[in-house]
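Data block for input07.tsv (TSV, C-alpha atoms):
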```
chain	number	residue	atom	x	y	z
S	413	MET	CA	118.00	87.55	99.33
S	414	VAL	CA	115.41	90.29	99.83
S	415	LYS	CA	114.52	90.82	103.46
S	416	TYR	CA	110.96	92.02	104.06
S	417	ILE	CA	109.97	94.18	107.00
S	418	LEU	CA	106.60	92.78	107.99
S	419	GLU	CA	106.50	93.05	111.77
S	420	VAL	CA	106.25	96.15	113.94
S	421	SER	CA	109.25	96.89	116.15
S	422	PHE	CA	107.66	98.02	119.40
S	423	ASP	CA	110.95	99.24	120.84
S	424	TYR	CA	110.76	102.31	118.62
S	425	GLU	CA	110.71	105.56	120.58
S	426	SER	CA	109.46	108.54	118.65
S	427	GLU	CA	112.02	111.30	118.73
S	428	ALA	CA	110.56	114.39	117.11
S	429	VAL	CA	113.12	116.15	114.99
S	430	MET	CA	112.56	119.72	116.05
S	431	LEU	CA	113.86	122.23	113.55
S	432	ASN	CA	114.98	124.71	116.20
S	433	ASN	CA	118.57	125.83	115.71
S	434	LYS	CA	118.91	123.65	112.61
S	435	VAL	CA	120.15	124.57	109.15
S	436	ILE	CA	117.74	123.48	106.41
S	437	LEU	CA	118.33	123.63	102.66
S	438	VAL	CA	115.43	123.49	100.21
S	439	THR	CA	116.21	122.69	96.59
S	440	GLY	CA	113.82	124.41	94.21
S	441	GLY	CA	113.03	126.63	97.19
S	442	THR	CA	111.48	129.51	95.23
S	443	GLY	CA	108.55	127.36	94.09
S	444	SER	CA	105.12	127.32	95.72
S	445	PHE	CA	106.12	124.46	98.02
S	446	GLY	CA	109.42	126.08	99.00
S	447	LYS	CA	107.75	129.34	99.97
S	448	ALA	CA	104.99	127.56	101.92
S	449	PHE	CA	107.54	125.35	103.69
S	450	THR	CA	109.68	128.36	104.60
S	451	LYS	CA	106.69	130.24	105.96
S	452	TYR	CA	105.57	127.22	108.00
S	453	VAL	CA	108.99	126.58	109.52
S	454	LEU	CA	109.49	130.24	110.43
S	455	SER	CA	106.04	130.29	112.05
S	456	HIS	CA	106.40	127.08	114.06
S	457	TYR	CA	110.13	126.75	114.77
S	458	ASN	CA	113.23	128.81	115.34
S	459	PRO	CA	115.67	127.49	112.73
S	460	LYS	CA	119.24	128.66	112.67
S	461	LYS	CA	119.05	129.17	108.93
S	462	ILE	CA	116.96	128.23	105.88
S	463	ILE	CA	118.87	128.09	102.61
S	464	ILE	CA	116.85	128.60	99.43
S	465	TYR	CA	118.74	126.80	96.67
S	466	SER	CA	117.47	127.45	93.13
S	467	ARG	CA	118.63	128.51	89.70
S	468	ASP	CA	116.32	131.49	89.11
S	469	GLU	CA	117.71	134.73	90.55
S	470	PHE	CA	114.57	136.67	89.60
S	471	LYS	CA	112.35	134.37	91.69
S	472	GLN	CA	114.86	134.65	94.52
S	473	PHE	CA	114.66	138.45	94.31
S	474	HIS	CA	110.86	138.33	94.65
S	475	MET	CA	111.00	135.80	97.49
S	476	GLN	CA	113.43	138.03	99.36
S	477	GLY	CA	110.83	140.77	99.14
S	478	GLU	CA	108.09	138.47	100.45
S	479	PHE	CA	110.23	137.41	103.42
S	480	ARG	CA	112.03	140.70	104.08
S	481	GLU	CA	111.17	140.53	107.81
S	482	HIS	CA	112.97	137.18	108.13
S	483	MET	CA	116.14	137.83	106.18
S	484	ASP	CA	118.23	137.20	109.29
S	485	LYS	CA	117.17	133.54	109.00
S	486	LEU	CA	117.25	133.15	105.22
S	487	ARG	CA	120.04	132.67	102.70
S	488	PHE	CA	119.59	132.53	98.94
S	489	PHE	CA	122.01	130.41	96.91
S	490	ILE	CA	122.04	130.37	93.13
S	491	GLY	CA	122.62	126.82	91.97
S	492	ASP	CA	121.29	123.88	89.98
S	493	VAL	CA	120.89	120.33	91.26
S	494	ARG	CA	122.65	119.26	88.07
S	495	ASP	CA	125.82	120.86	89.48
S	496	LYS	CA	127.21	118.47	92.11
S	497	GLU	CA	130.17	120.69	92.96
S	498	ARG	CA	127.91	123.64	93.74
S	499	LEU	CA	125.56	121.42	95.73
S	500	THR	CA	128.41	120.06	97.81
S	501	ARG	CA	129.59	123.56	98.65
S	502	ALA	CA	126.03	124.67	99.51
S	503	LEU	CA	125.43	121.67	101.81
S	504	GLU	CA	128.39	122.35	104.10
S	505	GLY	CA	126.98	122.75	107.61
S	506	VAL	CA	123.42	121.79	106.59
S	507	ASP	CA	121.41	119.51	108.92
S	508	TYR	CA	118.34	118.73	106.79
S	509	VAL	CA	117.62	118.79	103.06
S	510	VAL	CA	114.18	119.01	101.47
S	511	HIS	CA	114.50	118.16	97.80
S	512	ALA	CA	111.73	119.87	95.84
S	513	ALA	CA	113.58	120.77	92.64
S	514	ALA	CA	112.33	119.02	89.51
S	515	LEU	CA	111.10	119.53	85.99
S	516	LYS	CA	107.39	118.85	86.57
S	517	GLN	CA	105.41	119.83	83.49
S	518	VAL	CA	104.39	116.62	81.69
S	519	PRO	CA	104.39	118.02	78.11
S	520	ALA	CA	107.74	119.78	78.62
S	521	CYS	CA	109.33	116.56	79.89
S	522	GLU	CA	107.93	114.61	76.94
S	523	TYR	CA	109.39	117.12	74.50
S	524	ASN	CA	112.71	117.51	76.36
S	525	PRO	CA	113.38	114.03	77.77
S	526	ALA	CA	117.15	114.41	78.14
S	527	GLU	CA	116.67	117.60	80.16
S	528	ALA	CA	114.14	115.90	82.46
S	529	ILE	CA	116.63	113.09	83.06
S	530	LYS	CA	119.44	115.54	83.85
S	531	THR	CA	117.36	117.33	86.50
S	532	ASN	CA	115.06	114.67	87.92
S	533	ILE	CA	117.42	111.68	87.90
S	534	ASN	CA	120.99	112.98	87.73
S	535	GLY	CA	120.03	115.87	90.00
S	536	ALA	CA	118.57	113.45	92.55
S	537	GLN	CA	121.80	111.44	92.57
S	538	ASN	CA	123.78	114.64	93.06
S	539	VAL	CA	121.67	115.57	96.08
S	540	ILE	CA	122.25	112.09	97.51
S	541	ASP	CA	126.01	112.10	96.94
S	542	ALA	CA	126.51	115.64	98.21
S	543	SER	CA	124.42	114.92	101.32
S	544	LEU	CA	126.41	111.77	102.10
S	545	ASP	CA	129.68	113.68	101.72
S	546	THR	CA	128.86	116.74	103.84
S	547	GLY	CA	127.35	115.46	107.10
S	548	VAL	CA	123.66	116.07	106.37
S	549	LYS	CA	121.40	114.24	108.87
S	550	LYS	CA	118.10	113.86	107.00
S	551	VAL	CA	116.95	114.17	103.40
S	552	VAL	CA	113.27	114.24	102.42
S	553	ALA	CA	112.49	114.13	98.70
S	554	LEU	CA	109.15	115.18	97.21
S	555	SER	CA	107.56	112.59	94.95
S	556	THR	CA	104.32	112.44	92.99
S	557	ASP	CA	101.48	110.09	92.18
S	558	LYS	CA	102.81	110.12	88.61
S	559	ALA	CA	105.79	108.05	89.78
S	560	VAL	CA	103.36	105.20	90.57
S	561	ASN	CA	102.80	103.00	87.52
S	562	PRO	CA	104.14	105.85	85.33
S	563	VAL	CA	102.60	106.51	81.93
S	564	ASN	CA	104.69	109.57	81.01
S	565	LEU	CA	108.36	110.52	81.09
S	566	TYR	CA	107.97	112.83	84.08
S	567	GLY	CA	106.51	109.97	86.11
S	568	GLY	CA	109.26	107.66	84.89
S	569	THR	CA	112.01	110.04	86.00
S	570	LYS	CA	110.38	110.51	89.40
S	571	LEU	CA	110.08	106.74	89.84
S	572	VAL	CA	113.83	106.42	89.27
S	573	SER	CA	114.43	109.36	91.62
S	574	ASP	CA	112.35	107.66	94.34
S	575	LYS	CA	114.29	104.43	93.94
S	576	LEU	CA	117.57	106.32	94.20
S	577	PHE	CA	116.57	108.06	97.43
S	578	ILE	CA	115.34	104.85	99.04
S	579	ALA	CA	118.47	102.92	98.02
S	580	ALA	CA	120.67	105.77	99.26
S	581	ASN	CA	120.14	104.44	102.78
S	582	ALA	CA	122.25	101.43	101.80
S	583	TYR	CA	125.22	103.76	101.25
S	584	ALA	CA	124.94	105.54	104.59
S	585	GLY	CA	127.04	102.96	106.44
S	586	GLU	CA	127.79	104.31	109.90
S	587	LYS	CA	126.92	107.86	108.90
S	588	ASP	CA	124.09	109.48	110.87
S	589	ILE	CA	121.88	110.16	107.86
S	590	ASN	CA	118.65	108.82	106.41
S	591	PHE	CA	116.65	109.41	103.23
S	592	SER	CA	112.86	109.28	102.88
S	593	ILE	CA	110.11	110.30	100.46
S	594	VAL	CA	106.74	112.04	100.64
S	595	ARG	CA	104.20	111.30	97.90
S	596	TYR	CA	101.15	113.28	96.90
S	597	GLY	CA	99.35	114.35	93.75
S	598	ASN	CA	98.67	117.78	92.29
S	599	VAL	CA	98.22	120.36	95.02
S	600	ALA	CA	94.77	121.97	94.81
S	601	GLY	CA	95.04	125.09	92.68
S	602	SER	CA	98.62	124.44	91.54
S	603	ARG	CA	99.76	125.57	88.12
S	604	GLY	CA	98.73	123.23	85.34
S	605	SER	CA	96.07	121.46	87.42
S	606	VAL	CA	92.37	121.40	86.63
S	607	ILE	CA	91.20	124.09	89.07
S	608	PRO	CA	93.06	127.01	87.46
S	609	LYS	CA	92.02	125.70	84.04
S	610	PHE	CA	88.34	125.81	85.02
S	611	HIS	CA	88.94	129.18	86.68
S	612	ASP	CA	90.35	130.71	83.50
S	613	MET	CA	87.46	129.35	81.43
S	614	ILE	CA	84.92	130.85	83.82
S	615	LYS	CA	86.73	134.22	83.86
S	616	ASN	CA	86.55	134.24	80.07
S	617	GLY	CA	82.79	133.82	80.18
S	618	CYS	CA	82.49	130.12	79.34
S	619	THR	CA	79.23	128.47	80.37
S	620	GLU	CA	80.43	125.03	79.27
S	621	LEU	CA	83.47	123.47	80.95
S	622	THR	CA	85.56	120.90	79.13
S	623	VAL	CA	86.30	117.66	80.99
S	624	THR	CA	88.80	115.16	79.63
S	625	ASP	CA	86.89	112.15	80.98
S	626	TYR	CA	83.68	112.06	83.02
S	627	ARG	CA	85.02	109.15	85.09
S	628	MET	CA	88.09	111.06	86.27
S	629	THR	CA	88.80	111.42	90.00
S	630	ARG	CA	91.50	113.22	91.95
S	631	PHE	CA	92.75	113.58	95.53
S	632	TRP	CA	92.47	116.95	97.26
S	633	ILE	CA	95.56	118.07	99.14
S	634	SER	CA	96.35	121.63	100.16
S	635	LEU	CA	99.80	123.16	100.07
S	636	GLN	CA	99.90	123.27	103.87
S	637	GLU	CA	98.99	119.58	104.09
S	638	GLY	CA	101.89	118.84	101.76
S	639	VAL	CA	104.23	120.86	103.97
S	640	GLU	CA	102.98	119.12	107.11
S	641	LEU	CA	103.65	115.73	105.50
S	642	VAL	CA	107.28	116.77	104.89
S	643	ILE	CA	107.59	117.90	108.52
S	644	LYS	CA	106.25	114.51	109.63
S	645	ALA	CA	108.86	112.76	107.49
S	646	LEU	CA	111.62	114.92	108.99
S	647	GLU	CA	110.40	114.03	112.47
S	648	GLU	CA	109.72	110.31	112.04
S	649	ALA	CA	111.78	108.84	109.19
S	650	THR	CA	114.43	106.27	110.04
S	651	GLY	CA	115.34	105.44	106.44
S	652	GLY	CA	113.59	104.44	103.21
S	653	GLU	CA	109.98	105.26	104.08
S	654	THR	CA	107.42	106.72	101.68
S	655	PHE	CA	104.88	108.92	103.52
S	656	ILE	CA	101.39	109.34	102.02
S	657	SER	CA	98.61	111.49	103.48
S	658	LYS	CA	95.06	110.18	103.90
S	659	ILE	CA	93.06	112.80	102.04
S	660	PRO	CA	89.62	113.02	100.39
S	661	SER	CA	88.81	112.35	96.75
S	662	PHE	CA	86.53	114.25	94.40
S	663	LYS	CA	85.00	113.71	90.98
S	664	ILE	CA	86.03	116.11	88.23
S	665	THR	CA	82.37	116.55	87.30
S	666	ASP	CA	81.59	117.58	90.89
S	667	LEU	CA	84.43	120.10	90.77
S	668	ALA	CA	82.94	121.63	87.62
S	669	GLU	CA	79.54	121.92	89.35
S	670	ALA	CA	81.15	123.46	92.45
S	671	MET	CA	82.99	126.10	90.43
S	672	LEU	CA	80.16	126.93	88.01
S	673	PRO	CA	76.78	125.78	89.35
S	674	GLY	CA	74.43	124.48	86.69
S	675	CYS	CA	77.11	124.46	84.01
S	676	GLN	CA	77.18	122.18	81.01
S	677	THR	CA	80.23	119.97	80.53
S	678	LYS	CA	81.82	118.56	77.40
S	679	GLU	CA	84.00	115.45	77.37
S	680	ILE	CA	87.04	116.01	75.14
S	681	GLY	CA	89.18	112.93	75.76
S	682	ILE	CA	92.08	112.24	78.04
S	683	TYR	CA	95.35	114.10	77.44
S	684	PRO	CA	98.55	112.23	76.51
S	685	GLY	CA	100.23	111.06	79.71
S	686	GLU	CA	97.15	111.75	81.85
S	687	LYS	CA	95.59	109.18	84.19
S	688	LEU	CA	91.96	108.61	85.07
S	689	HIS	CA	92.81	108.32	88.76
S	690	GLU	CA	95.67	109.21	91.09
S	691	ILE	CA	97.34	106.15	92.62
S	692	MET	CA	99.32	106.48	95.87
S	693	VAL	CA	99.70	102.91	97.16
S	694	THR	CA	99.82	99.98	94.73
S	695	VAL	CA	98.86	96.38	95.39
S	696	GLU	CA	102.55	95.54	95.26
S	697	ASP	CA	103.23	98.16	97.96
S	698	SER	CA	100.69	96.51	100.28
S	699	TYR	CA	103.20	93.95	101.56
S	700	THR	CA	105.12	96.64	103.45
S	701	THR	CA	102.48	99.35	103.97
S	702	TYR	CA	101.15	100.39	107.39
S	703	GLU	CA	98.12	102.59	108.04
S	704	TYR	CA	98.14	105.30	110.72
S	705	ASP	CA	95.47	107.75	111.81
S	706	LYS	CA	96.19	110.37	109.17
S	707	HIS	CA	98.66	108.76	106.79
S	708	PHE	CA	100.14	105.63	105.29
S	709	ILE	CA	103.80	104.66	105.31
S	710	VAL	CA	105.24	102.35	102.68
S	711	TYR	CA	108.33	100.86	104.30
S	712	PRO	CA	111.28	99.68	102.21
S	713	GLN	CA	111.36	96.03	101.26
S	714	VAL	CA	115.02	95.76	102.19
S	715	LYS	CA	116.43	96.41	105.66
S	716	TRP	CA	119.95	97.81	105.51
S	717	ASN	CA	120.72	98.63	109.13
S	718	SER	CA	119.40	98.50	112.69
S	719	LYS	CA	118.36	102.15	112.59
S	720	GLN	CA	115.39	101.35	110.36
S	721	LYS	CA	112.22	100.93	112.41
S	722	ILE	CA	108.51	100.59	111.82
S	723	LYS	CA	106.73	103.29	113.79
S	724	GLU	CA	104.50	102.04	116.57
S	725	GLY	CA	100.76	102.63	116.26
S	726	GLY	CA	100.33	101.50	112.68
S	727	LYS	CA	98.27	98.65	111.31
S	728	LYS	CA	99.54	96.48	108.49
S	729	VAL	CA	97.21	96.84	105.49
S	730	ALA	CA	95.66	93.75	103.98
S	731	GLU	CA	97.53	91.98	101.21
S	732	GLY	CA	96.18	93.29	97.91
S	733	PHE	CA	95.29	96.70	99.38
S	734	SER	CA	95.66	99.75	97.18
S	735	TYR	CA	94.97	103.43	97.71
S	736	SER	CA	93.84	105.52	94.78
S	737	SER	CA	91.46	108.40	94.20
S	738	ASP	CA	88.74	106.11	92.85
S	739	ASN	CA	88.74	103.53	95.69
S	740	ASN	CA	89.05	106.04	98.53
S	741	THR	CA	86.66	105.80	101.48
S	742	GLU	CA	86.48	109.59	101.92
S	743	TRP	CA	84.75	111.68	99.26
S	744	MET	CA	84.00	115.39	98.98
S	745	SER	CA	80.53	116.57	98.06
S	746	VAL	CA	79.93	119.52	95.73
S	747	GLU	CA	79.29	121.71	98.76
S	748	GLU	CA	82.51	120.58	100.46
S	749	ILE	CA	84.50	121.26	97.31
S	750	ARG	CA	82.97	124.73	97.06
S	751	GLU	CA	83.91	125.46	100.66
S	752	ARG	CA	87.50	124.36	100.15
S	753	LEU	CA	87.80	126.43	97.00
S	754	LYS	CA	87.41	129.52	99.18
S	755	SER	CA	90.80	128.85	100.73
S	756	LEU	CA	92.42	129.11	97.29
S	757	ASP	CA	91.40	132.76	96.93
S	758	LEU	CA	89.93	132.25	93.48
S	759	GLU	CA	88.13	135.25	92.01
S	760	LEU	CA	84.95	133.57	90.81
```
I need this file expressed as structure tokens, please.
Amino acid sequence: MVKYILEVSFDYESEAVMLNNKVILVTGGTGSFGKAFTKYVLSHYNPKKIIIYSRDEFKQFHMQGEFREHMDKLRFFIGDVRDKERLTRALEGVDYVVHAAALKQVPACEYNPAEAIKTNINGAQNVIDASLDTGVKKVVALSTDKAVNPVNLYGGTKLVSDKLFIAANAYAGEKDINFSIVRYGNVAGSRGSVIPKFHDMIKNGCTELTVTDYRMTRFWISLQEGVELVIKALEEATGGETFISKIPSFKITDLAEAMLPGCQTKEIGIYPGEKLHEIMVTVEDSYTTYEYDKHFIVYPQVKWNSKQKIKEGGKKVAEGFSYSSDNNTEWMSVEEIRERLKSLDLEL
């Protein structure tokens, strides 16, 4: 029988997981998130060691150059999450794992489905198994809005990955380990997202910007906000939670106006696998979702052990609640979008 967690446990005492003197491994650590996470941790904590685990030695070489002043704290391991044996060796002595490695490009995953499964699903299971076998204390996996009601293969593989990480708590037994997830959409300005596409069009002299659908909306989350959400999960997770930031929405048409004032727009039709809106919390999630000041937490439907707690200070959302970019209560104006664009260092 499924056991639902619907009542707050007020005996929970928040114990911040400080990263001082801890060993942290980041899969896919040479990506934009990995570099931002590494910079944040080095600026705010005194970790014993941060291990950058990735398969691209060229990106590792460049990252070493960017962080040359911190090489006493950094280690760079060549490895693929598909390789369980290598992962297990790399995780010896590691306290916390942040799993950011994935094949993320929607068209590439559609064209290479078996490869997406090997990395996003089999790789996730390898991270889980290796963490359970090596004494890791906490694992936080990065998810995506595309895993919610998926309409493309990438989203489907990330949905399975999320389910694996949540269910991994059932295998912990008496081990001092928990697994949790953070979920957010495209980071503002990230590769393949709409901002760099508009930016390239403007640089090339376009006065008309193409929009896939005039109704389209998106959430705005910065890279630092994504990193801070992972830190929150490391500090607060007790097992099986999905952390979601409360962030503003914007209309794609307003973004076009903010980037090229007075521009004309042309609607060209939605891309295969693209959604009109980003969904973070579904109606089905509402039964176990709690709202906090700056974030939501979707708690697991099943309680596996006494270590799982609902954090004090949250309010159970109403049954039927959902959180998506089109029903958000916080919206960015054209002026606010324009101001935030400045932080992306776009040459407009």
Go through S:Gln676, S:Thr619, S:Gln517, S:Gln713 and flag the residue nearest Lys575 (chain S), using all atoms listed in the file for the distances.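 Of S:Gln676, S:Thr619, S:Gln517, S:Gln713, the one nearest Lys575 (chain S) is S:Gln713, counting all atoms listed in the file.
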Who sits within 7 Å of region 448-457 of chain S, only C-alpha atoms, same chain under 4 positions skipped, as a list in words: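 Answer for this query is Leu431, Asn432, Ser444, Gln636 and Val639 of chain S.
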Quick one: pull the distance between CA of Pro684 (chain S) and CA of Pro519 (chain S), Å, one decimal.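 Those two atoms sit 8.4 Å apart.
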Which polymer residues have any atom within 8 Å of an atom of Val594 (chain S), counting all atoms listed in the file, with same-chain residues fewer than 4 positions away left out, as a PyMOL selection string? chain S and resi 552-555+641-642+645+654-656
Best match for closeness to Phe631 (chain S) among S:Thr701, S:Ser605, S:Ser737, S:Ser745, counting all atoms listed in the file: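 Smallest separation from Phe631 (chain S) among the options: S:Ser737.
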Up to 12 Å from (97.3, 107.7, 92.9) in the file's coordinates: name the residues, counting only C-alpha atoms, as an MDAnalysis selection string. chainID S and resid 555:562 567 595:598 628:632 656:661 686:695 734:740
Polymer residues at most 10 Å from (96.7, 122.3, 92.8) by all atoms listed in the file, as a ChimeraX atom specification: /S:597-608,631-635,756
Any idea what the distance is between CA of Gly440 (chain S) and CA of Arg467 (chain S)?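 That distance, rounded to one decimal, is 7.8 Å.
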Missing atoms in region 708-719 of chain S need filling: write out N, CA and C atoms for it as a short mmCIF file (atom, residue, chain, number, x, y, z; two decimals), in the coordinates of the input.
```cif
data_model
loop_
_atom_site.label_atom_id
_atom_site.label_comp_id
_atom_site.auth_asym_id
_atom_site.auth_seq_id
_atom_site.Cartn_x
_atom_site.Cartn_y
_atom_site.Cartn_z
N PHE S 708 99.57 106.95 105.52
CA PHE S 708 100.14 105.63 105.29
C PHE S 708 101.66 105.79 105.22
N ILE S 709 102.37 104.71 105.55
CA ILE S 709 103.80 104.66 105.31
C ILE S 709 104.11 103.37 104.57
N VAL S 710 104.72 103.51 103.40
CA VAL S 710 105.24 102.35 102.68
C VAL S 710 106.69 102.18 103.11
N TYR S 711 106.97 101.10 103.83
CA TYR S 711 108.33 100.86 104.30
C TYR S 711 109.14 100.16 103.23
N PRO S 712 110.45 100.33 103.24
CA PRO S 712 111.28 99.68 102.21
C PRO S 712 111.25 98.17 102.35
N GLN S 713 111.38 97.49 101.25
CA GLN S 713 111.36 96.03 101.26
C GLN S 713 112.66 95.46 101.84
N VAL S 714 113.72 96.23 101.73
CA VAL S 714 115.02 95.76 102.19
C VAL S 714 115.41 96.51 103.46
N LYS S 715 115.94 95.78 104.44
CA LYS S 715 116.43 96.41 105.66
C LYS S 715 117.94 96.44 105.62
N TRP S 716 118.52 97.65 105.66
CA TRP S 716 119.95 97.81 105.51
C TRP S 716 120.70 97.91 106.84
N ASN S 717 120.03 98.43 107.86
CA ASN S 717 120.72 98.63 109.13
C ASN S 717 119.72 98.61 110.28
N SER S 718 120.25 98.61 111.49
CA SER S 718 119.40 98.50 112.69
C SER S 718 118.67 99.79 113.01
N LYS S 719 119.03 100.88 112.33
CA LYS S 719 118.36 102.15 112.59
C LYS S 719 116.95 102.19 112.00
#
```
